[in-house]
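So this one's target33.txt, compact mmCIF, C-alpha atoms:
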```
# COMPACT_ATOMS: atom_id res chain seq x y z
CA MET A 1 -40.66 18.44 -11.54
CA GLN A 2 -42.29 15.22 -12.65
CA GLN A 3 -40.03 15.12 -15.68
CA LEU A 4 -36.98 15.71 -13.54
CA PHE A 5 -37.85 12.70 -11.37
CA ASN A 6 -38.54 10.61 -14.43
CA PHE A 7 -35.16 11.57 -15.82
CA PHE A 8 -33.42 10.49 -12.60
CA ILE A 9 -35.32 7.21 -12.46
CA LYS A 10 -34.60 6.43 -16.10
CA ASN A 11 -30.89 7.01 -15.69
CA LYS A 12 -30.56 5.62 -12.18
CA THR A 13 -27.83 3.16 -13.15
CA PHE A 14 -25.71 5.92 -14.54
CA PHE A 15 -26.20 8.11 -11.49
CA LEU A 16 -25.33 5.29 -9.13
CA PHE A 17 -22.21 4.65 -11.16
CA LEU A 18 -21.33 8.33 -11.13
CA MET A 19 -21.85 8.59 -7.39
CA LEU A 20 -19.78 5.55 -6.45
CA PHE A 21 -17.08 6.43 -8.95
CA SER A 22 -16.71 9.92 -7.55
CA ILE A 23 -16.57 8.58 -3.99
CA ALA A 24 -13.76 6.27 -5.05
CA ILE A 25 -11.90 9.03 -6.87
CA SER A 26 -12.19 11.40 -3.92
CA LEU A 27 -10.82 8.69 -1.62
CA THR A 28 -7.92 8.25 -4.03
CA VAL A 29 -7.18 11.96 -4.12
CA GLN A 30 -7.33 12.06 -0.35
CA SER A 31 -4.87 9.19 -0.11
CA HIS A 32 -2.32 11.10 -2.15
CA GLN A 33 -2.24 13.79 0.48
CA PHE A 34 -0.49 13.47 3.78
CA HIS A 35 -3.48 13.33 6.10
CA ARG A 36 -5.81 10.46 5.42
CA SER A 37 -9.37 9.59 6.34
CA LYS A 38 -9.53 8.76 10.01
CA LEU A 39 -11.39 5.46 10.03
CA LEU A 40 -10.71 3.68 6.79
CA ASN A 41 -7.16 2.45 6.90
CA SER A 42 -5.41 -0.72 7.93
CA SER A 43 -5.06 0.29 11.59
CA ASN A 44 -8.83 -0.16 11.78
CA HIS A 45 -9.82 -2.68 14.46
CA ILE A 46 -11.38 -5.34 12.20
CA ILE A 47 -8.93 -5.06 9.34
CA ALA A 48 -5.88 -5.16 11.60
CA GLY A 49 -7.45 -8.06 13.50
CA ILE A 50 -7.58 -10.09 10.30
CA TYR A 51 -3.97 -9.20 9.53
CA ALA A 52 -3.07 -10.24 13.09
CA ALA A 53 -4.63 -13.67 12.55
CA SER A 54 -2.82 -14.04 9.24
CA ASN A 55 0.46 -12.95 10.82
CA SER A 56 0.14 -15.42 13.68
CA VAL A 57 0.55 -18.16 11.06
CA SER A 58 3.08 -16.55 8.74
CA GLN A 59 5.51 -15.42 11.46
CA TYR A 60 6.66 -19.01 11.98
CA PHE A 61 8.24 -18.98 8.54
CA HIS A 62 10.63 -16.18 9.54
CA LEU A 63 11.72 -17.48 12.96
CA VAL A 64 15.21 -18.57 11.91
CA LYS A 65 16.01 -15.26 10.24
CA GLU A 66 14.58 -13.21 13.12
CA ASN A 67 16.62 -15.17 15.66
CA GLN A 68 19.72 -14.56 13.60
CA LEU A 69 19.02 -10.81 13.61
CA LEU A 70 18.45 -10.76 17.36
CA LEU A 71 21.69 -12.65 17.95
CA GLU A 72 23.60 -10.19 15.78
CA GLU A 73 22.13 -7.26 17.61
CA ASN A 74 22.77 -8.81 21.01
CA SER A 75 26.40 -9.44 20.20
CA ARG A 76 26.80 -5.89 18.96
CA LEU A 77 25.21 -4.41 22.08
CA LYS A 78 27.29 -6.68 24.32
CA SER A 79 30.51 -5.59 22.64
CA GLU A 80 29.45 -1.97 22.98
CA GLN A 81 28.78 -2.49 26.65
CA PHE A 82 32.16 -4.12 27.28
CA ASN A 83 34.06 -1.46 25.39
CA ARG A 84 32.23 1.46 26.93
CA LYS A 85 34.28 4.27 28.38
CA ARG A 86 33.59 5.72 31.80
CA ASP A 87 31.52 8.79 30.88
CA LEU A 88 28.12 7.45 31.79
CA SER A 89 26.57 10.78 32.72
CA PHE A 90 25.70 11.74 29.13
CA ASP A 91 24.25 8.32 28.32
CA SER A 92 22.00 8.28 31.33
CA ILE A 93 20.42 11.49 30.06
CA MET A 94 19.96 9.92 26.63
CA GLU A 95 18.28 6.88 28.10
CA LYS A 96 15.65 9.04 29.67
CA THR A 97 15.02 11.10 26.55
CA TYR A 98 14.30 8.18 24.23
CA ARG A 99 12.35 5.09 25.19
CA LEU A 100 12.04 2.10 22.88
CA ILE A 101 8.89 0.04 22.47
CA THR A 102 9.11 -3.22 20.50
CA GLY A 103 6.52 -3.95 17.85
CA VAL A 104 5.68 -6.63 15.30
CA VAL A 105 4.85 -5.80 11.67
CA TYR A 106 1.45 -7.21 10.73
CA LYS A 107 1.24 -5.84 7.23
CA ASN A 108 3.93 -4.43 4.99
CA SER A 109 3.85 -3.21 1.40
CA TYR A 110 6.56 -1.83 -0.86
CA THR A 111 5.23 -2.04 -4.42
CA GLN A 112 2.86 0.93 -4.41
CA ALA A 113 3.67 4.62 -4.54
CA THR A 114 2.28 5.13 -1.03
CA ASN A 115 3.33 2.32 1.26
CA TYR A 116 2.21 1.80 4.83
CA LEU A 117 2.94 -0.77 7.54
CA THR A 118 0.60 -1.94 10.27
CA LEU A 119 2.08 -2.62 13.74
CA ASN A 120 0.63 -4.47 16.73
CA LYS A 121 1.11 -1.56 19.16
CA GLY A 122 -1.36 1.28 19.62
CA LEU A 123 -2.63 3.89 22.07
CA ARG A 124 -2.95 1.18 24.74
CA ASP A 125 0.84 0.77 24.63
CA SER A 126 1.29 4.57 24.69
CA VAL A 127 2.23 4.69 21.01
CA LYS A 128 1.17 7.97 19.45
CA GLU A 129 1.42 9.73 16.12
CA ASP A 130 4.81 11.10 15.00
CA TYR A 131 6.84 8.47 16.82
CA GLY A 132 9.75 7.12 14.77
CA VAL A 133 10.06 3.44 13.83
CA ILE A 134 13.44 1.72 13.32
CA THR A 135 14.90 -1.78 13.21
CA SER A 136 18.28 -2.89 14.47
CA LYS A 137 19.67 -2.03 11.01
CA GLY A 138 18.12 1.34 10.19
CA ILE A 139 15.05 3.53 9.92
CA VAL A 140 11.64 2.32 8.74
CA GLY A 141 9.22 5.25 8.95
CA VAL A 142 7.01 7.39 11.16
CA ILE A 143 3.72 6.47 12.88
CA ASP A 144 0.87 8.37 11.21
CA LYS A 145 -2.32 6.74 12.55
CA THR A 146 -3.08 4.92 15.77
CA SER A 147 -6.06 2.99 17.12
CA THR A 148 -6.40 1.37 20.54
CA LYS A 149 -4.41 -1.73 19.71
CA TYR A 150 -2.77 -1.03 16.36
CA SER A 151 -0.89 1.69 14.56
CA ARG A 152 -0.02 2.52 10.98
CA VAL A 153 3.45 3.56 9.86
CA LEU A 154 4.16 5.92 6.98
CA SER A 155 7.03 3.98 5.41
CA ILE A 156 10.10 5.77 4.04
CA LEU A 157 9.02 4.04 0.81
CA ASN A 158 6.16 6.51 0.44
CA THR A 159 6.09 9.53 -1.83
CA ASN A 160 4.69 11.57 1.10
CA SER A 161 7.57 10.72 3.41
CA ARG A 162 10.05 13.50 4.28
CA ILE A 163 12.78 12.68 6.77
CA ASN A 164 15.66 14.90 7.76
CA VAL A 165 19.03 13.11 7.43
CA LYS A 166 22.69 14.08 7.21
CA LEU A 167 25.92 12.79 5.74
CA LYS A 168 28.04 11.09 8.37
CA ASN A 169 31.36 12.54 7.15
CA THR A 170 30.51 16.17 6.45
CA LYS A 171 27.42 16.69 8.64
CA HIS A 172 25.53 18.34 5.75
CA PHE A 173 21.83 17.66 6.02
CA GLY A 174 19.06 17.11 3.46
CA THR A 175 15.66 15.56 2.97
CA LEU A 176 15.03 11.87 2.32
CA THR A 177 12.32 11.19 -0.29
CA TRP A 178 11.36 8.28 -2.52
CA ASP A 179 10.78 8.16 -6.29
CA THR A 180 8.88 4.79 -6.29
CA LYS A 181 11.37 3.07 -8.60
CA SER A 182 13.09 0.58 -6.31
CA ALA A 183 12.34 -0.73 -2.82
CA ASP A 184 15.94 -0.50 -1.59
CA ILE A 185 16.95 2.89 -3.05
CA VAL A 186 15.70 6.24 -1.67
CA GLN A 187 16.63 9.78 -2.72
CA LEU A 188 18.46 12.36 -0.63
CA LYS A 189 17.80 15.90 -1.83
CA ASP A 190 18.74 19.48 -0.87
CA ILE A 191 22.50 18.87 -0.49
CA GLN A 192 24.50 21.78 -1.92
CA GLU A 193 26.60 21.24 -5.01
CA LEU A 194 29.81 22.39 -3.26
CA VAL A 195 29.71 19.56 -0.73
CA LYS A 196 32.25 16.80 -1.38
CA ILE A 197 30.50 13.43 -1.49
CA ALA A 198 31.62 9.97 -2.56
CA VAL A 199 29.91 6.70 -3.36
CA GLY A 200 29.82 4.55 -0.23
CA ASP A 201 29.49 7.41 2.27
CA SER A 202 27.13 6.69 5.16
CA VAL A 203 23.88 8.57 5.68
CA ILE A 204 22.44 8.91 9.21
CA THR A 205 19.52 10.75 10.80
CA SER A 206 20.20 14.37 11.75
CA GLY A 207 18.39 14.50 15.08
CA PHE A 208 16.94 17.93 14.25
CA SER A 209 13.36 16.73 14.51
CA SER A 210 11.89 15.28 17.68
CA ILE A 211 10.99 12.04 15.86
CA PHE A 212 14.34 10.29 15.47
CA PRO A 213 17.40 10.62 17.70
CA ALA A 214 20.61 11.58 15.91
CA ASN A 215 22.90 9.00 14.33
CA VAL A 216 20.35 6.28 13.50
CA PRO A 217 21.81 4.54 10.42
CA VAL A 218 19.92 5.02 7.13
CA GLY A 219 22.07 3.74 4.25
CA THR A 220 25.05 4.33 2.01
CA ILE A 221 25.39 6.50 -1.10
CA ASN A 222 24.82 4.41 -4.20
CA SER A 223 25.16 7.08 -6.89
CA PHE A 224 24.64 10.83 -7.22
CA ARG A 225 23.92 13.45 -9.88
CA LEU A 226 23.09 17.16 -10.02
CA ASN A 227 19.49 18.26 -10.36
CA ASP A 228 18.08 20.19 -13.34
CA THR A 229 19.22 23.58 -12.08
CA LYS A 230 22.75 22.22 -11.35
CA ASP A 231 22.95 23.58 -7.81
CA LEU A 232 21.74 20.70 -5.64
CA TYR A 233 22.58 17.01 -5.59
CA VAL A 234 20.08 14.20 -6.03
CA ILE A 235 21.69 11.30 -4.20
CA ASP A 236 20.54 7.68 -4.47
CA VAL A 237 20.88 6.10 -1.03
CA LYS A 238 20.93 2.33 -0.66
CA LEU A 239 19.11 1.44 2.56
CA PHE A 240 20.66 -0.76 5.24
CA ASN A 241 17.21 -2.16 5.93
CA ASP A 242 15.62 -4.70 3.66
CA MET A 243 12.21 -2.98 3.55
CA THR A 244 10.65 -6.00 1.82
CA ASN A 245 11.26 -8.23 4.79
CA LEU A 246 10.45 -6.62 8.16
CA GLU A 247 9.23 -8.46 11.22
CA HIS A 248 10.34 -6.94 14.54
CA VAL A 249 10.72 -3.17 14.87
CA TYR A 250 11.38 -0.61 17.61
CA ILE A 251 9.12 2.39 18.12
CA ILE A 252 10.99 5.40 19.48
CA LYS A 253 9.22 7.50 22.07
CA ASN A 254 10.76 10.89 22.72
CA THR A 255 9.81 11.87 26.27
CA ASP A 256 10.80 15.48 25.62
CA ILE A 257 8.54 15.84 22.61
CA ASN A 258 6.17 18.34 24.25
CA GLU A 259 8.99 20.48 25.55
CA LEU A 260 10.66 20.56 22.13
CA GLU A 261 7.42 21.45 20.39
CA ASN A 262 6.77 24.29 22.83
CA LEU A 263 10.26 25.59 22.18
CA ASN A 264 9.66 25.60 18.43
CA GLU A 265 6.42 27.48 18.84
CA PHE A 266 8.33 30.38 20.38
CA ASP A 267 10.43 30.40 17.25
CA GLU A 268 7.50 31.15 14.95
CA MET B 1 -32.21 -18.71 -7.23
CA ASN B 2 -31.11 -18.80 -3.60
CA ASN B 3 -28.35 -21.09 -4.68
CA ILE B 4 -27.00 -18.43 -7.05
CA ILE B 5 -27.08 -15.73 -4.37
CA PHE B 6 -25.30 -18.02 -1.92
CA LEU B 7 -22.70 -18.90 -4.55
CA ASN B 8 -22.01 -15.23 -5.25
CA ILE B 9 -21.70 -14.33 -1.57
CA MET B 10 -19.21 -17.15 -1.08
CA ARG B 11 -17.35 -16.07 -4.19
CA PHE B 12 -17.26 -12.47 -2.91
CA LEU B 13 -15.78 -13.44 0.47
CA GLY B 14 -13.48 -16.13 -0.90
CA LEU B 15 -11.95 -13.95 -3.60
CA LEU B 16 -11.65 -11.02 -1.19
CA PHE B 17 -9.56 -12.96 1.31
CA LEU B 18 -7.60 -14.72 -1.43
CA GLN B 19 -6.73 -11.30 -2.81
CA VAL B 20 -5.67 -9.49 0.37
CA LEU B 21 -3.95 -12.36 2.15
CA ILE B 22 -2.21 -14.13 -0.75
CA CYS B 23 -2.43 -12.52 -4.18
CA SER B 24 -1.38 -9.03 -3.08
CA ASN B 25 1.76 -10.43 -1.46
CA ILE B 26 3.11 -12.31 -4.48
CA ASN B 27 5.11 -9.35 -5.90
CA PHE B 28 6.42 -11.39 -8.81
CA MET B 29 9.50 -9.66 -10.34
CA GLY B 30 9.14 -6.98 -7.67
CA TYR B 31 5.77 -5.47 -8.51
CA ILE B 32 3.50 -7.84 -10.49
CA ASN B 33 0.45 -8.90 -8.51
CA PRO B 34 -2.62 -10.68 -9.91
CA HIS B 35 -5.97 -9.10 -9.10
CA ILE B 36 -7.96 -12.26 -8.80
CA TYR B 37 -11.00 -10.56 -7.21
CA LEU B 38 -11.99 -9.39 -10.71
CA LEU B 39 -13.37 -12.88 -11.23
CA PHE B 40 -16.32 -11.85 -9.05
CA ILE B 41 -17.20 -9.02 -11.44
CA LEU B 42 -16.45 -11.09 -14.55
CA LEU B 43 -18.59 -14.07 -13.54
CA TYR B 44 -21.53 -12.24 -11.91
CA PRO B 45 -24.77 -13.56 -13.47
CA THR B 46 -25.73 -11.61 -16.58
CA SER B 47 -29.44 -11.51 -15.83
CA ASN B 48 -29.05 -9.22 -12.86
CA ASN B 49 -30.24 -6.03 -11.28
CA ARG B 50 -27.62 -3.59 -12.49
CA LEU B 51 -27.84 -1.37 -9.41
CA THR B 52 -27.03 -4.27 -7.07
CA PHE B 53 -24.26 -5.40 -9.36
CA ILE B 54 -22.57 -2.00 -9.53
CA PHE B 55 -22.89 -1.60 -5.79
CA CYS B 56 -21.40 -5.05 -5.09
CA SER B 57 -18.47 -4.26 -7.40
CA PHE B 58 -17.88 -1.02 -5.56
CA LEU B 59 -18.00 -2.86 -2.25
CA ILE B 60 -15.42 -5.50 -3.15
CA GLY B 61 -13.06 -2.86 -4.54
CA PHE B 62 -13.57 -0.65 -1.52
CA ILE B 63 -12.89 -3.38 1.05
CA ILE B 64 -9.72 -4.31 -0.81
CA ASP B 65 -8.69 -0.65 -0.75
CA VAL B 66 -9.13 -0.52 3.02
CA PHE B 67 -6.98 -3.62 3.41
CA LEU B 68 -4.23 -2.43 1.10
CA ASP B 69 -4.30 1.26 2.14
CA SER B 70 -4.71 2.29 -1.50
CA GLY B 71 -7.32 5.04 -1.12
CA GLY B 72 -10.14 4.38 -3.59
CA THR B 73 -8.20 3.06 -6.56
CA HIS B 74 -9.57 -0.49 -6.64
CA ALA B 75 -13.10 0.75 -5.99
CA ALA B 76 -12.96 3.25 -8.86
CA ALA B 77 -11.60 0.73 -11.36
CA SER B 78 -14.10 -1.94 -10.28
CA VAL B 79 -17.10 0.36 -10.50
CA LEU B 80 -16.03 1.49 -13.95
CA ILE B 81 -15.79 -1.98 -15.45
CA ALA B 82 -19.00 -3.05 -13.70
CA TYR B 83 -20.76 -0.15 -15.38
CA LEU B 84 -19.22 -0.88 -18.77
CA ARG B 85 -19.77 -4.63 -18.59
CA PRO B 86 -22.88 -4.86 -20.83
CA LEU B 87 -20.86 -3.20 -23.57
CA PHE B 88 -18.12 -5.81 -23.36
CA LEU B 89 -20.64 -8.65 -23.11
CA LYS B 90 -22.31 -7.53 -26.30
CA PHE B 91 -18.96 -7.05 -27.98
CA SER B 92 -17.64 -10.49 -27.02
CA PHE B 93 -20.68 -12.75 -27.07
CA GLY B 94 -22.80 -10.95 -29.68
CA ALA B 95 -26.24 -12.41 -30.23
CA ALA B 96 -26.18 -14.69 -27.21
CA TYR B 97 -26.12 -11.73 -24.86
CA ASP B 98 -29.30 -10.24 -26.32
CA TYR B 99 -31.26 -13.19 -24.98
CA GLN B 100 -29.49 -12.89 -21.60
CA VAL B 101 -28.78 -16.59 -21.44
CA ILE B 102 -25.02 -16.61 -21.14
CA LYS B 103 -23.59 -19.40 -19.02
CA PHE B 104 -19.90 -18.70 -18.77
CA SER B 105 -19.01 -22.36 -18.51
CA ASN B 106 -20.76 -23.11 -21.82
CA THR B 107 -19.26 -20.32 -23.87
CA ASP B 108 -16.64 -20.62 -26.53
CA PHE B 109 -13.06 -20.30 -25.23
CA THR B 110 -12.16 -17.55 -27.74
CA GLN B 111 -15.17 -15.46 -26.80
CA ARG B 112 -14.41 -15.86 -23.13
CA LEU B 113 -10.77 -14.90 -23.75
CA ILE B 114 -11.80 -11.70 -25.54
CA TYR B 115 -14.27 -10.81 -22.80
CA PHE B 116 -11.82 -11.46 -19.96
CA SER B 117 -8.84 -9.76 -21.55
CA SER B 118 -10.69 -6.59 -22.54
CA MET B 119 -12.31 -6.17 -19.12
CA ILE B 120 -9.05 -6.92 -17.25
CA ALA B 121 -7.02 -4.58 -19.46
CA ILE B 122 -9.38 -1.64 -18.87
CA HIS B 123 -9.50 -2.32 -15.13
CA HIS B 124 -5.71 -2.48 -14.77
CA PHE B 125 -5.09 0.60 -16.83
CA VAL B 126 -7.50 2.67 -14.74
CA LEU B 127 -6.18 1.13 -11.53
CA PHE B 128 -2.52 1.89 -12.19
CA PHE B 129 -3.34 5.31 -13.58
CA LEU B 130 -4.96 6.17 -10.24
CA VAL B 131 -2.22 4.48 -8.22
CA VAL B 132 0.62 6.38 -9.89
CA PHE B 133 -1.54 9.50 -10.41
CA ASN B 134 0.97 11.26 -12.62
CA GLN B 135 0.55 11.55 -16.38
CA ASN B 136 4.30 12.05 -16.84
CA GLN B 137 4.87 8.44 -15.95
CA ILE B 138 2.50 7.03 -18.57
CA LEU B 139 5.08 4.47 -19.74
CA LEU B 140 5.43 3.15 -16.20
CA ILE B 141 1.62 2.89 -15.95
CA ILE B 142 1.36 0.98 -19.21
CA LYS B 143 4.17 -1.37 -18.17
CA TYR B 144 2.56 -2.13 -14.79
CA ALA B 145 -0.90 -2.54 -16.35
CA LEU B 146 0.30 -4.82 -19.12
CA TYR B 147 2.30 -7.22 -16.96
CA SER B 148 -0.23 -7.38 -14.16
CA SER B 149 -3.17 -7.92 -16.51
CA ALA B 150 -1.36 -10.78 -18.22
CA PHE B 151 -0.84 -12.39 -14.82
CA THR B 152 -4.47 -11.77 -13.79
CA LEU B 153 -5.81 -13.10 -17.10
CA LEU B 154 -3.77 -16.28 -16.75
CA LEU B 155 -5.01 -16.89 -13.20
CA CYS B 156 -8.64 -16.07 -14.11
CA LEU B 157 -8.61 -18.54 -17.01
CA LEU B 158 -7.00 -21.19 -14.81
CA PHE B 159 -9.57 -20.64 -12.06
CA THR B 160 -12.55 -20.75 -14.41
CA SER B 161 -11.38 -23.98 -16.02
CA LEU B 162 -10.49 -25.48 -12.65
CA PHE B 163 -13.87 -24.75 -11.07
CA SER B 164 -16.02 -25.05 -14.20
CA ASN B 165 -19.22 -26.88 -13.46
CA LYS B 166 -20.30 -28.74 -16.58
CA ARG B 167 -23.65 -29.78 -15.21
CA VAL B 168 -25.00 -26.25 -14.84
```
Encoded form using structure tokens:
Amino acid sequence: MQQLFNFFIKNKTFFLFLMLFSIAISLTVQSHQFHRSKLLNSSNHIIAGIYAASNSVSQYFHLVKENQLLLEENSRLKSEQFNRKRDLSFDSIMEKTYRLITGVVYKNSYTQATNYLTLNKGLRDSVKEDYGVITSKGIVGVIDKTSTKYSRVLSILNTNSRINVKLKNTKHFGTLTWDTKSADIVQLKDIQELVKIAVGDSVITSGFSSIFPANVPVGTINSFRLNDTKDLYVIDVKLFNDMTNLEHVYIIKNTDINELENLNEFDE
Amino acid sequence: MNNIIFLNIMRFLGLLFLQVLICSNINFMGYINPHIYLLFILLYPTSNNRLTFIFCSFLIGFIIDVFLDSGGTHAAASVLIAYLRPLFLKFSFGAAYDYQVIKFSNTDFTQRLIYFSSMIAIHHFVLFFLVVFNQNQILLIIKYALYSSAFTLLLCLLFTSLFSNKRV
């Protein structure tokens, strides 16, 4: 026993190293899986607070561009409103199903394999996990962690991200993933080889999940090839959003989410 | 003595915030970021308690991980080079290290270059290996590690010459 203690004391540096190193490795392994440690991420109160302070300075640099975007969106919405046909009954149902909450991006990354954003809205603003996040141009990601005042978004530029989308022309649907190579190109998989596709076709959300409503723009087809087994396409989709430069976003709250989830439970 | 502790605490906090608020947002050529916080590990006094040193290195890497949502990658790489540091010190500075009297500002530039570049290269290789976490993309890892370590090395050398204190 004495010798055992002596051995530990003699090699204490090595054991400390081993312990800390294995903690770090286990955290890394955990981060490569979908569900992350609850406390230690950037929606943590202190960490997000520091990002908030930093953002309160840096947001002034983007004011001109943000105003431009808002003007563009306003003009588009106005023209939609003026050209609207008289069938309001369907739209009034839609308005109740999806509610939009505006948010500001405090932290954004796009160079790693697993990218996350931090937003300034949290449980206090009734933002919960699995709410979709979009901008006026296209989709951004899905909320995966929330604290009282902040929330973290699993970006579509994340190897763990899986979002159901469809082709606008043919209505065939597939899964949107990311291969980490470029911040403006994502991959659409699981489209059958017999589907006719062309470069430049639009890709939109399918609306099958309760996260995103249907027809939110995603991007256009940049190039496509068959996969190794020659039966499915791997399609490179160029995003409408510039993911490197996000400031104001909309969080989509689906008020029917519980009802839809209950319905799916019956299915299984 | 207290002066040295104070200096290292300031260096810890200063480099930490410099890293998370500025250096990690540079994204030169799309993905090249300098990891300037390594300067804390590189310049930590050589006559130290190794347990404290390894723990401090873990801490700075870990806090950066929490900020950047990168799991434990920075912490693992930092702990590794902190543990291996005596090896590199002996390799780069030779006899001077045996007497534990190294003052980084007084050392030869070539020796300092060898010490910095070897430590930074190891750190970046481990870091990007853990970030990508896929041995099929080894070329990608080497590319990232090489470019980023060149950037880090440049900034570290600039910083040390900028803040070198000749009187000490």
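Residues in contact with Phe67 (chain B) at 10 Å, where only C-alpha atoms are counted and same-chain residues fewer than 6 positions away are skipped, are listed as Leu40, Asn41, Ser42, Ser43, Asn44, Ile46, Ile47, Ala48, Ile50, Tyr51 and Lys107 of chain A; Leu16, Phe17, Gln19, Val20 and Leu21 of chain B.
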Q: Restrict the distance test to all atoms listed in the file, flag each residue of chain B within 8 Å of chain A, and return the flagged residues as a PyMOL selection string.
A: chain B and resi 21+27+30-31+50-51+54-55+58+62+66-73+75-76+79-80+83+130-132
Q) When you draw a straight line from CA of Thr159 (chain A) to CA of Thr177 (chain A), how long is it in Å? A)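 Between CA of Thr159 (chain A) and CA of Thr177 (chain A) the gap works out to 6.6 Å.
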**Q.** Using only C-alpha atoms: which of A:Val234, A:Val127, A:Val133, A:Val218 has the shortest distance to Tyr150 (chain A)
**A.**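 Residue with the minimum atom-to-atom distance to Tyr150 (chain A): A:Val127.
For Tyr144 (chain B), the list of residues within 9 Å, based on only C-alpha atoms and with local chain neighbours fewer than 2 positions off taken out, reads Tyr31, Ile32, His124, Phe125, Phe128, Leu139, Leu140, Ile141, Ile142, Leu146, Tyr147, Ser148 and Ser149 of chain B.
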Could you save the residues just selected, with C-alpha atoms, as a PDB file, in the coordinates of the input?
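Okay, this is what ended up in result.pdb:
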```pdb
ATOM      1  CA  TYR B  31       5.770  -5.470  -8.510  1.00  0.00           C
ATOM      2  CA  ILE B  32       3.500  -7.840 -10.490  1.00  0.00           C
ATOM      3  CA  HIS B 124      -5.710  -2.480 -14.770  1.00  0.00           C
ATOM      4  CA  PHE B 125      -5.090   0.600 -16.830  1.00  0.00           C
ATOM      5  CA  PHE B 128      -2.520   1.890 -12.190  1.00  0.00           C
ATOM      6  CA  LEU B 139       5.080   4.470 -19.740  1.00  0.00           C
ATOM      7  CA  LEU B 140       5.430   3.150 -16.200  1.00  0.00           C
ATOM      8  CA  ILE B 141       1.620   2.890 -15.950  1.00  0.00           C
ATOM      9  CA  ILE B 142       1.360   0.980 -19.210  1.00  0.00           C
ATOM     10  CA  LEU B 146       0.300  -4.820 -19.120  1.00  0.00           C
ATOM     11  CA  TYR B 147       2.300  -7.220 -16.960  1.00  0.00           C
ATOM     12  CA  SER B 148      -0.230  -7.380 -14.160  1.00  0.00           C
ATOM     13  CA  SER B 149      -3.170  -7.920 -16.510  1.00  0.00           C
TER      14      SER B 149
END
```
Q: To one decimal in Å, tell me the separation between CA of Leu162 (chain B) and CA of Leu18 (chain B).
A: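 According to the coordinates, CA of Leu162 (chain B) and CA of Leu18 (chain B) are separated by 15.8 Å.
The space separating CA of Asp242 (chain A) from CA of Gly103 (chain A) comes to 16.9 Å.
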Q) Near Ser161 (chain A), counting all atoms listed in the file, which residues have an atom at most 9 Å away, once you skip same-chain residues fewer than 5 positions from it, shown as a PyMOL selection string? A) chain A and resi 34+114+141-142+154-156+176-178
Q) Neighbours of Lys230 (chain A) within 12 Å (all atoms listed in the file; same-chain residues fewer than 6 positions away dropped), as a PyMOL selection string? A) chain A and resi 190-194
Include C-alpha atoms and write out the residues we just selected as an mmCIF file, keeping the file's coordinate frame.
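Output file selection.cif follows:
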```cif
data_model
loop_
_atom_site.group_PDB
_atom_site.id
_atom_site.type_symbol
_atom_site.label_atom_id
_atom_site.label_comp_id
_atom_site.auth_asym_id
_atom_site.auth_seq_id
_atom_site.Cartn_x
_atom_site.Cartn_y
_atom_site.Cartn_z
ATOM 1 C CA ASP A 190 18.740 19.480 -0.870
ATOM 2 C CA ILE A 191 22.500 18.870 -0.490
ATOM 3 C CA GLN A 192 24.500 21.780 -1.920
ATOM 4 C CA GLU A 193 26.600 21.240 -5.010
ATOM 5 C CA LEU A 194 29.810 22.390 -3.260
#
```
Q. Taking (24.0, 17.2, 4.8) in the file's coordinates as the center, which residues reach within 10 Å of it, counting only C-alpha atoms, put as a VMD selection string?
A. chain A and resid 164 to 175 188 to 192 195 197 203 to 206
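When all atoms listed in the file are used to compute distances to Ser161 (chain B), the closest of the residues B:Leu59, B:Leu113, B:Ile64, B:Leu7 turns out to be B:Leu113.
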Using the structure block above, produce a file of region 127-150 of chain B that contains C-alpha atoms, as a PDB file, in the first residue's frame.
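Written file, out-v7.pdb:
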```pdb
ATOM      1  CA  LEU B 127      -5.842  20.588 -32.108  1.00  0.00           C
ATOM      2  CA  PHE B 128      -6.925  20.133 -35.717  1.00  0.00           C
ATOM      3  CA  PHE B 129      -6.788  16.373 -35.429  1.00  0.00           C
ATOM      4  CA  LEU B 130      -9.350  16.586 -32.627  1.00  0.00           C
ATOM      5  CA  VAL B 131     -11.400  19.258 -34.392  1.00  0.00           C
ATOM      6  CA  VAL B 132     -11.767  17.276 -37.616  1.00  0.00           C
ATOM      7  CA  PHE B 133     -11.758  13.924 -35.772  1.00  0.00           C
ATOM      8  CA  ASN B 134     -11.498  11.826 -38.903  1.00  0.00           C
ATOM      9  CA  GLN B 135      -8.281  10.122 -39.972  1.00  0.00           C
ATOM     10  CA  ASN B 136      -9.460   9.998 -43.594  1.00  0.00           C
ATOM     11  CA  GLN B 137      -9.008  13.727 -43.851  1.00  0.00           C
ATOM     12  CA  ILE B 138      -5.380  13.737 -42.716  1.00  0.00           C
ATOM     13  CA  LEU B 139      -4.334  16.013 -45.594  1.00  0.00           C
ATOM     14  CA  LEU B 140      -6.934  18.572 -44.569  1.00  0.00           C
ATOM     15  CA  ILE B 141      -5.657  18.390 -40.971  1.00  0.00           C
ATOM     16  CA  ILE B 142      -2.056  18.915 -42.040  1.00  0.00           C
ATOM     17  CA  LYS B 143      -3.044  21.842 -44.266  1.00  0.00           C
ATOM     18  CA  TYR B 144      -5.013  23.562 -41.487  1.00  0.00           C
ATOM     19  CA  ALA B 145      -2.273  22.899 -38.920  1.00  0.00           C
ATOM     20  CA  LEU B 146       0.527  24.142 -41.149  1.00  0.00           C
ATOM     21  CA  TYR B 147      -1.094  27.416 -42.201  1.00  0.00           C
ATOM     22  CA  SER B 148      -2.474  28.247 -38.780  1.00  0.00           C
ATOM     23  CA  SER B 149       0.797  27.487 -36.998  1.00  0.00           C
ATOM     24  CA  ALA B 150       2.702  29.731 -39.395  1.00  0.00           C
TER      25      ALA B 150
END
```
